[in-house]
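Structure file start.pdb (PDB, C-alpha atoms, pLDDT in the B column) follows.
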ATOM      1  CA  MET E   1       0.000   0.000   0.000  1.00 46.00           C
ATOM      2  CA  GLY E   2       2.817   2.338   0.832  1.00 46.00           C
ATOM      3  CA  LYS E   3       4.485   1.738  -2.519  1.00 46.00           C
ATOM      4  CA  ARG E   4       1.233   2.513  -4.303  1.00 44.00           C
ATOM      5  CA  VAL E   5       0.864   5.811  -2.488  1.00 42.00           C
ATOM      6  CA  ARG E   6       4.395   6.834  -3.387  1.00 44.00           C
ATOM      7  CA  HIS E   7       3.789   5.857  -7.009  1.00 43.00           C
ATOM      8  CA  VAL E   8       0.649   7.992  -7.202  1.00 41.00           C
ATOM      9  CA  ALA E   9       2.406  10.921  -5.615  1.00 43.00           C
ATOM     10  CA  LYS E  10       5.247  10.656  -8.111  1.00 45.00           C
ATOM     11  CA  THR E  11       2.791  10.460 -11.014  1.00 41.00           C
ATOM     12  CA  LYS E  12       1.018  13.575  -9.798  1.00 44.00           C
ATOM     13  CA  ARG E  13       4.250  15.503  -9.839  1.00 47.00           C
ATOM     14  CA  VAL E  14       5.051  14.389 -13.374  1.00 43.00           C
ATOM     15  CA  LEU E  15       1.556  15.215 -14.643  1.00 45.00           C
ATOM     16  CA  VAL E  16       1.506  18.774 -13.325  1.00 43.00           C
ATOM     17  CA  PRO E  17       0.354  20.914 -16.288  1.00 49.00           C
ATOM     18  CA  LYS E  18       3.193  22.620 -18.072  1.00 52.00           C
ATOM     19  CA  GLY E  19       1.322  25.917 -18.386  1.00 50.00           C
ATOM     20  CA  PRO E  20       1.408  26.863 -14.708  1.00 50.00           C
ATOM     21  CA  LYS E  21       4.981  25.570 -14.430  1.00 49.00           C
ATOM     22  CA  LYS E  22       6.090  27.858 -17.220  1.00 47.00           C
ATOM     23  CA  THR E  23       4.183  30.717 -15.635  1.00 45.00           C
ATOM     24  CA  MET E  24       5.956  30.120 -12.341  1.00 45.00           C
ATOM     25  CA  THR E  25       9.319  30.139 -14.098  1.00 45.00           C
ATOM     26  CA  THR E  26       8.504  33.397 -15.851  1.00 43.00           C
ATOM     27  CA  SER E  27       7.226  34.923 -12.626  1.00 44.00           C
ATOM     28  CA  SER E  28      10.262  33.888 -10.666  1.00 42.00           C
ATOM     29  CA  ALA E  29      12.520  35.219 -13.406  1.00 41.00           C
ATOM     30  CA  SER E  30      10.720  38.543 -13.344  1.00 42.00           C
ATOM     31  CA  LYS E  31      11.083  38.704  -9.572  1.00 43.00           C
ATOM     32  CA  LYS E  32      14.770  37.822  -9.564  1.00 41.00           C
ATOM     33  CA  PRO E  33      16.072  41.406  -9.883  1.00 38.00           C
ATOM     34  CA  ARG E  34      13.700  42.468  -7.118  1.00 40.00           C
ATOM     35  CA  SER E  35      15.137  39.865  -4.771  1.00 35.00           C
ATOM     36  CA  SER E  36      18.563  41.482  -5.171  1.00 39.00           C
ATOM     37  CA  GLY E  37      17.173  44.921  -4.463  1.00 44.00           C
ATOM     38  CA  GLY E  38      15.850  45.720  -7.920  1.00 48.00           C
ATOM     39  CA  ARG E  39      19.006  47.610  -8.699  1.00 48.00           C
ATOM     40  CA  ARG E  40      20.213  48.142 -12.228  1.00 50.00           C
ATOM     41  CA  LYS E  41      23.325  49.633 -13.735  1.00 52.00           C
ATOM     42  CA  GLY E  42      23.101  53.369 -13.409  1.00 48.00           C
ATOM     43  CA  ASP E  43      21.175  53.370 -10.117  1.00 78.00           C
ATOM     44  CA  TRP E  44      24.213  54.953  -8.512  1.00 79.00           C
ATOM     45  CA  LYS E  45      23.226  58.239 -10.163  1.00 81.00           C
ATOM     46  CA  ASN E  46      19.841  58.246  -8.417  1.00 88.00           C
ATOM     47  CA  ASP E  47      21.431  57.079  -5.174  1.00 89.00           C
ATOM     48  CA  LEU E  48      24.030  59.840  -5.292  1.00 84.00           C
ATOM     49  CA  ALA E  49      21.463  62.497  -6.076  1.00 89.00           C
ATOM     50  CA  LEU E  50      19.342  61.324  -3.136  1.00 90.00           C
ATOM     51  CA  ILE E  51      22.338  61.278  -0.788  1.00 87.00           C
ATOM     52  CA  LYS E  52      23.220  64.841  -1.786  1.00 88.00           C
ATOM     53  CA  ARG E  53      19.646  66.000  -1.135  1.00 91.00           C
ATOM     54  CA  LEU E  54      19.553  64.315   2.260  1.00 88.00           C
ATOM     55  CA  ARG E  55      22.972  65.657   3.274  1.00 86.00           C
ATOM     56  CA  ALA E  56      21.966  69.178   2.239  1.00 88.00           C
ATOM     57  CA  ARG E  57      19.337  69.149   4.985  1.00 85.00           C
ATOM     58  CA  ARG E  58      21.671  68.348   7.841  1.00 86.00           C
ATOM     59  CA  SER E  59      25.280  68.780   8.869  1.00 83.00           C
ATOM     60  CA  ALA E  60      27.704  66.381  10.524  1.00 82.00           C
ATOM     61  CA  PRO E  61      30.870  66.913  12.590  1.00 80.00           C
ATOM     62  CA  VAL E  62      32.990  65.745   9.669  1.00 79.00           C
ATOM     63  CA  ASP E  63      31.831  68.785   7.681  1.00 79.00           C
ATOM     64  CA  SER E  64      33.641  71.193   9.992  1.00 79.00           C
ATOM     65  CA  ILE E  65      36.120  69.161  12.046  1.00 83.00           C
ATOM     66  CA  GLY E  66      36.933  66.231   9.790  1.00 83.00           C
ATOM     67  CA  CYS E  67      40.587  65.240  10.071  1.00 82.00           C
ATOM     68  CA  GLU E  68      41.377  66.822   6.689  1.00 83.00           C
ATOM     69  CA  ARG E  69      40.322  70.217   8.137  1.00 89.00           C
ATOM     70  CA  LEU E  70      42.383  70.209  11.334  1.00 94.00           C
ATOM     71  CA  ALA E  71      45.844  71.210  10.108  1.00 93.00           C
ATOM     72  CA  ASN E  72      46.884  74.823  10.694  1.00 94.00           C
ATOM     73  CA  VAL E  73      46.650  76.555   7.306  1.00 92.00           C
ATOM     74  CA  ASN E  74      48.950  79.308   8.592  1.00 94.00           C
ATOM     75  CA  ALA E  75      51.771  76.878   9.401  1.00 94.00           C
ATOM     76  CA  SER E  76      54.716  76.316   7.103  1.00 95.00           C
ATOM     77  CA  GLN E  77      54.125  73.910   4.235  1.00 96.00           C
ATOM     78  CA  ALA E  78      56.188  71.204   5.930  1.00 96.00           C
ATOM     79  CA  ASP E  79      54.330  71.583   9.231  1.00 96.00           C
ATOM     80  CA  PHE E  80      50.944  71.739   7.473  1.00 96.00           C
ATOM     81  CA  GLU E  81      51.663  68.472   5.675  1.00 97.00           C
ATOM     82  CA  TRP E  82      52.816  66.826   8.898  1.00 97.00           C
ATOM     83  CA  GLN E  83      49.695  67.968  10.725  1.00 97.00           C
ATOM     84  CA  CYS E  84      47.538  66.476   7.965  1.00 96.00           C
ATOM     85  CA  LEU E  85      49.306  63.167   8.544  1.00 97.00           C
ATOM     86  CA  VAL E  86      48.912  63.413  12.323  1.00 97.00           C
ATOM     87  CA  ALA E  87      45.197  64.199  12.060  1.00 96.00           C
ATOM     88  CA  ALA E  88      44.645  61.231   9.772  1.00 95.00           C
ATOM     89  CA  MET E  89      46.515  58.881  12.113  1.00 96.00           C
ATOM     90  CA  LEU E  90      44.670  60.135  15.190  1.00 96.00           C
ATOM     91  CA  SER E  91      41.275  59.794  13.471  1.00 93.00           C
ATOM     92  CA  SER E  92      41.519  56.004  13.223  1.00 90.00           C
ATOM     93  CA  GLN E  93      38.724  54.419  15.308  1.00 88.00           C
ATOM     94  CA  THR E  94      38.038  57.818  16.877  1.00 91.00           C
ATOM     95  CA  ARG E  95      35.180  60.311  16.751  1.00 92.00           C
ATOM     96  CA  ASP E  96      35.816  63.548  14.868  1.00 91.00           C
ATOM     97  CA  GLN E  97      35.287  65.582  18.034  1.00 94.00           C
ATOM     98  CA  ALA E  98      38.003  63.637  19.884  1.00 95.00           C
ATOM     99  CA  THR E  99      40.445  63.975  16.986  1.00 95.00           C
ATOM    100  CA  ALA E 100      39.858  67.730  16.896  1.00 95.00           C
ATOM    101  CA  GLU E 101      40.429  67.938  20.662  1.00 96.00           C
ATOM    102  CA  ALA E 102      43.724  66.055  20.417  1.00 97.00           C
ATOM    103  CA  MET E 103      44.930  68.190  17.507  1.00 97.00           C
ATOM    104  CA  ALA E 104      44.069  71.351  19.455  1.00 96.00           C
ATOM    105  CA  ALA E 105      46.071  70.056  22.430  1.00 97.00           C
ATOM    106  CA  LEU E 106      49.124  69.393  20.241  1.00 97.00           C
ATOM    107  CA  GLU E 107      48.793  72.872  18.731  1.00 96.00           C
ATOM    108  CA  ALA E 108      48.488  74.545  22.143  1.00 96.00           C
ATOM    109  CA  ALA E 109      51.568  72.690  23.423  1.00 96.00           C
ATOM    110  CA  LYS E 110      53.402  73.472  20.163  1.00 95.00           C
ATOM    111  CA  VAL E 111      54.087  69.779  19.616  1.00 95.00           C
ATOM    112  CA  ASN E 112      52.855  70.074  16.060  1.00 93.00           C
ATOM    113  CA  SER E 113      55.851  69.500  13.802  1.00 96.00           C
ATOM    114  CA  VAL E 114      58.191  66.648  12.933  1.00 97.00           C
ATOM    115  CA  GLN E 115      61.006  68.157  15.003  1.00 96.00           C
ATOM    116  CA  ARG E 116      58.789  68.860  18.030  1.00 96.00           C
ATOM    117  CA  ILE E 117      57.329  65.336  18.025  1.00 96.00           C
ATOM    118  CA  CYS E 118      60.827  63.865  17.798  1.00 96.00           C
ATOM    119  CA  SER E 119      61.926  65.967  20.767  1.00 95.00           C
ATOM    120  CA  ALA E 120      58.908  65.141  22.947  1.00 96.00           C
ATOM    121  CA  SER E 121      58.687  61.992  25.033  1.00 96.00           C
ATOM    122  CA  VAL E 122      56.165  59.295  24.192  1.00 96.00           C
ATOM    123  CA  GLY E 123      54.529  59.948  27.544  1.00 97.00           C
ATOM    124  CA  LYS E 124      54.063  63.636  26.798  1.00 97.00           C
ATOM    125  CA  VAL E 125      52.601  62.953  23.351  1.00 97.00           C
ATOM    126  CA  ALA E 126      50.274  60.312  24.811  1.00 97.00           C
ATOM    127  CA  LYS E 127      49.044  62.758  27.445  1.00 97.00           C
ATOM    128  CA  LEU E 128      48.296  65.399  24.808  1.00 97.00           C
ATOM    129  CA  ILE E 129      46.345  63.018  22.569  1.00 97.00           C
ATOM    130  CA  LYS E 130      44.550  61.097  25.339  1.00 96.00           C
ATOM    131  CA  ALA E 131      41.167  62.087  23.891  1.00 96.00           C
ATOM    132  CA  VAL E 132      41.577  59.657  20.993  1.00 96.00           C
ATOM    133  CA  GLY E 133      41.290  55.890  21.019  1.00 91.00           C
ATOM    134  CA  PHE E 134      44.457  53.836  21.602  1.00 95.00           C
ATOM    135  CA  PHE E 135      46.377  57.028  22.446  1.00 96.00           C
ATOM    136  CA  ASN E 136      49.370  55.170  23.915  1.00 96.00           C
ATOM    137  CA  VAL E 137      49.863  53.138  20.734  1.00 97.00           C
ATOM    138  CA  LYS E 138      49.327  56.189  18.544  1.00 97.00           C
ATOM    139  CA  ALA E 139      51.867  58.212  20.538  1.00 97.00           C
ATOM    140  CA  LYS E 140      54.551  55.598  19.830  1.00 97.00           C
ATOM    141  CA  THR E 141      53.510  55.384  16.179  1.00 97.00           C
ATOM    142  CA  LEU E 142      53.676  59.164  15.753  1.00 97.00           C
ATOM    143  CA  ARG E 143      57.154  59.306  17.294  1.00 97.00           C
ATOM    144  CA  GLU E 144      58.378  56.553  14.976  1.00 97.00           C
ATOM    145  CA  ALA E 145      56.808  58.190  11.899  1.00 97.00           C
ATOM    146  CA  ALA E 146      58.383  61.531  12.822  1.00 97.00           C
ATOM    147  CA  ARG E 147      61.779  59.885  13.246  1.00 97.00           C
ATOM    148  CA  ILE E 148      61.534  58.300   9.785  1.00 97.00           C
ATOM    149  CA  CYS E 149      60.420  61.563   8.176  1.00 97.00           C
ATOM    150  CA  LYS E 150      63.296  63.433   9.807  1.00 96.00           C
ATOM    151  CA  LYS E 151      65.890  60.842   8.828  1.00 96.00           C
ATOM    152  CA  ASP E 152      64.748  59.794   5.343  1.00 96.00           C
ATOM    153  CA  TYR E 153      62.731  62.757   4.046  1.00 96.00           C
ATOM    154  CA  LYS E 154      64.564  65.782   5.480  1.00 94.00           C
ATOM    155  CA  GLY E 155      61.776  66.557   7.916  1.00 95.00           C
ATOM    156  CA  ARG E 156      58.979  66.330   5.345  1.00 96.00           C
ATOM    157  CA  ILE E 157      56.402  63.612   4.928  1.00 97.00           C
ATOM    158  CA  PRO E 158      56.521  61.344   1.830  1.00 97.00           C
ATOM    159  CA  ASN E 159      54.576  62.769  -1.106  1.00 96.00           C
ATOM    160  CA  THR E 160      53.680  59.448  -2.718  1.00 96.00           C
ATOM    161  CA  LEU E 161      51.247  56.696  -1.766  1.00 94.00           C
ATOM    162  CA  GLU E 162      54.063  54.177  -1.657  1.00 96.00           C
ATOM    163  CA  GLY E 163      56.167  56.371   0.611  1.00 97.00           C
ATOM    164  CA  LEU E 164      53.312  57.095   2.991  1.00 97.00           C
ATOM    165  CA  MET E 165      52.420  53.420   3.317  1.00 96.00           C
ATOM    166  CA  LYS E 166      55.976  52.684   4.408  1.00 96.00           C
ATOM    167  CA  LEU E 167      55.357  54.733   7.544  1.00 97.00           C
ATOM    168  CA  PRO E 168      54.037  52.851  10.591  1.00 96.00           C
ATOM    169  CA  GLY E 169      50.282  52.883  11.063  1.00 93.00           C
ATOM    170  CA  ILE E 170      49.417  54.016   7.527  1.00 95.00           C
ATOM    171  CA  GLY E 171      47.543  51.826   5.061  1.00 92.00           C
ATOM    172  CA  PRO E 172      45.877  52.562   1.696  1.00 90.00           C
ATOM    173  CA  LYS E 173      42.850  54.355   3.158  1.00 89.00           C
ATOM    174  CA  MET E 174      44.927  56.724   5.261  1.00 93.00           C
ATOM    175  CA  ALA E 175      47.499  57.247   2.516  1.00 94.00           C
ATOM    176  CA  HIS E 176      44.809  58.371   0.054  1.00 92.00           C
ATOM    177  CA  LEU E 177      43.358  60.696   2.685  1.00 92.00           C
ATOM    178  CA  ILE E 178      46.753  62.285   3.375  1.00 95.00           C
ATOM    179  CA  MET E 179      47.545  62.673  -0.321  1.00 95.00           C
ATOM    180  CA  HIS E 180      44.345  64.651  -0.727  1.00 92.00           C
ATOM    181  CA  SER E 181      44.499  66.755   2.442  1.00 93.00           C
ATOM    182  CA  ALA E 182      48.254  67.456   2.476  1.00 95.00           C
ATOM    183  CA  PHE E 183      49.024  67.696  -1.243  1.00 95.00           C
ATOM    184  CA  ASP E 184      45.594  68.275  -2.826  1.00 92.00           C
ATOM    185  CA  ARG E 185      46.155  65.239  -5.040  1.00 91.00           C
ATOM    186  CA  GLN E 186      43.290  62.832  -5.595  1.00 84.00           C
ATOM    187  CA  GLU E 187      44.956  59.579  -6.594  1.00 84.00           C
ATOM    188  CA  GLY E 188      42.253  57.220  -5.438  1.00 85.00           C
ATOM    189  CA  ILE E 189      39.311  56.808  -3.119  1.00 86.00           C
ATOM    190  CA  CYS E 190      39.568  56.806   0.646  1.00 85.00           C
ATOM    191  CA  VAL E 191      37.423  53.858   1.761  1.00 88.00           C
ATOM    192  CA  ASP E 192      36.826  53.106   5.428  1.00 87.00           C
ATOM    193  CA  THR E 193      34.498  50.542   6.991  1.00 88.00           C
ATOM    194  CA  HIS E 194      31.525  52.894   6.618  1.00 87.00           C
ATOM    195  CA  VAL E 195      32.055  53.502   2.897  1.00 89.00           C
ATOM    196  CA  HIS E 196      32.607  49.761   2.477  1.00 92.00           C
ATOM    197  CA  ARG E 197      29.343  48.933   4.237  1.00 93.00           C
ATOM    198  CA  ILE E 198      27.232  51.557   2.476  1.00 91.00           C
ATOM    199  CA  ALA E 199      28.622  50.792  -0.989  1.00 90.00           C
ATOM    200  CA  ASN E 200      27.668  47.146  -0.520  1.00 91.00           C
ATOM    201  CA  GLN E 201      24.237  47.964   0.919  1.00 90.00           C
ATOM    202  CA  LEU E 202      23.517  50.179  -2.082  1.00 89.00           C
ATOM    203  CA  LYS E 203      24.870  47.362  -4.272  1.00 89.00           C
ATOM    204  CA  TRP E 204      27.324  49.635  -6.040  1.00 88.00           C
ATOM    205  CA  VAL E 205      29.861  46.878  -5.457  1.00 88.00           C
ATOM    206  CA  ARG E 206      29.988  43.390  -4.047  1.00 90.00           C
ATOM    207  CA  SER E 207      33.092  43.037  -1.905  1.00 91.00           C
ATOM    208  CA  LYS E 208      34.340  41.601   1.356  1.00 93.00           C
ATOM    209  CA  THR E 209      36.922  44.155   2.524  1.00 93.00           C
ATOM    210  CA  PRO E 210      37.317  47.960   2.401  1.00 89.00           C
ATOM    211  CA  GLU E 211      40.390  47.585   0.192  1.00 90.00           C
ATOM    212  CA  GLU E 212      38.453  45.429  -2.274  1.00 92.00           C
ATOM    213  CA  THR E 213      35.662  48.017  -2.206  1.00 91.00           C
ATOM    214  CA  ARG E 214      38.175  50.770  -2.976  1.00 90.00           C
ATOM    215  CA  MET E 215      39.522  48.967  -6.025  1.00 89.00           C
ATOM    216  CA  ARG E 216      36.038  48.134  -7.316  1.00 89.00           C
ATOM    217  CA  LEU E 217      34.772  51.677  -6.814  1.00 88.00           C
ATOM    218  CA  GLU E 218      37.789  53.103  -8.599  1.00 84.00           C
ATOM    219  CA  CYS E 219      37.114  50.795 -11.552  1.00 83.00           C
ATOM    220  CA  CYS E 220      33.443  51.805 -11.490  1.00 75.00           C
ATOM    221  CA  LEU E 221      34.330  55.493 -11.513  1.00 72.00           C
ATOM    222  CA  TRP E 222      36.393  54.888 -14.609  1.00 61.00           C
ATOM    223  CA  VAL E 223      33.559  52.991 -16.304  1.00 51.00           C
ATOM    224  CA  TRP E 224      30.993  55.595 -15.230  1.00 48.00           C
ATOM    225  CA  GLY E 225      33.126  58.355 -16.709  1.00 48.00           C
ATOM    226  CA  LYS E 226      33.445  60.261 -13.460  1.00 46.00           C
ATOM    227  CA  CYS E 227      37.220  60.715 -13.624  1.00 45.00           C
ATOM    228  CA  SER E 228      39.514  62.433 -16.066  1.00 40.00           C
ATOM    229  CA  SER E 229      40.351  61.060 -19.513  1.00 38.00           C
ATOM    230  CA  ARG E 230      43.650  59.791 -18.137  1.00 39.00           C
ATOM    231  CA  ARG E 231      42.974  57.077 -15.611  1.00 38.00           C
ATOM    232  CA  PRO E 232      44.850  58.071 -12.430  1.00 39.00           C
ATOM    233  CA  TRP E 233      44.632  54.699 -10.736  1.00 37.00           C
ATOM    234  CA  THR E 234      46.373  51.450 -11.457  1.00 37.00           C
TER     235      THR E 234
END
Could you write out this structure as structure tokens?
Amino acid sequence: MGKRVRHVAKTKRVLVPKGPKKTMTTSSASKKPRSSGGRRKGDWKNDLALIKRLRARRSAPVDSIGCERLANVNASQADFEWQCLVAAMLSSQTRDQATAEAMAALEAAKVNSVQRICSASVGKVAKLIKAVGFFNVKAKTLREAARICKKDYKGRIPNTLEGLMKLPGIGPKMAHLIMHSAFDRQEGICVDTHVHRIANQLKWVRSKTPEETRMRLECCLWVWGKCSSRRPWT
């Protein structure tokens, strides 16, 4: 009896009318884009326009005290560039307000140049930047970076991505940020965990790490025609 029941059930599956089956296939195919968010190539334009409209209605700390705005514009060029590097390093895993507070403390104590950082003790630097996260580690990293800049770059910071990434504590994201803030050179996109997350949520890219997101976004910008005729990125 059991075998007969299974046989009937199997026959019923085979004899399901093809019409509805084809309709289901067509329906599921039509719903497939919707299951992935319904996004199509070119949606980034609408997304970007919407983001600009939403951002126009409200401000954020980064607009006024982002790390690229904290260097003293009245300082010498060498000191300005160094301060851009310091602000970027201090901003890692730290709120903008805390980074601004630490930069103000360094400025007030006049520990705001390569030479002054080299002359100050790690303890003193750590005390001045205590507002930021991991201030003890960052104090040691700043001292080491200043020592390298003084020894190998005549007191200046490297002016290439490769040179910057040779300094302790600086990866691709920070190097791109410093290139833009210190030298006004846009050689790539600065992608942190937030940009990585949002770009994937908007389905502009599909990536697993911020660095992978950066490379994919840079390729997309080239394809979308949003950069100059000479591709600046490799």
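Closest approach to Val132 of chain E among E:Ala98, E:Leu167, E:Ala49, E:Ala108 is made by E:Ala98 (distances from all atoms listed in the file).
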Between atom CA of Arg214 of chain E and atom CA of Gly188 of chain E - distance in Å to one decimal =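 Computed distance, atom CA of Gly188 of chain E to atom CA of Arg214 of chain E, equals 8.0 Å.
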A straight line from atom CA of Lys130 of chain E to atom CA of Asn74 of chain E spans 25.1 Å
Of E:Asn46, E:Ala78, E:Arg95, E:Glu212, the one nearest to Cys190 of chain E when counting only C-alpha atoms is E:Glu212
Quiz item: What does the PyMOL selection byres ((chain E and resi 180-182) around 12) select in this file, as a VMD selection string?
Solution: chain E and resid 66 to 73 76 to 88 156 to 161 164 173 to 179 183 to 190
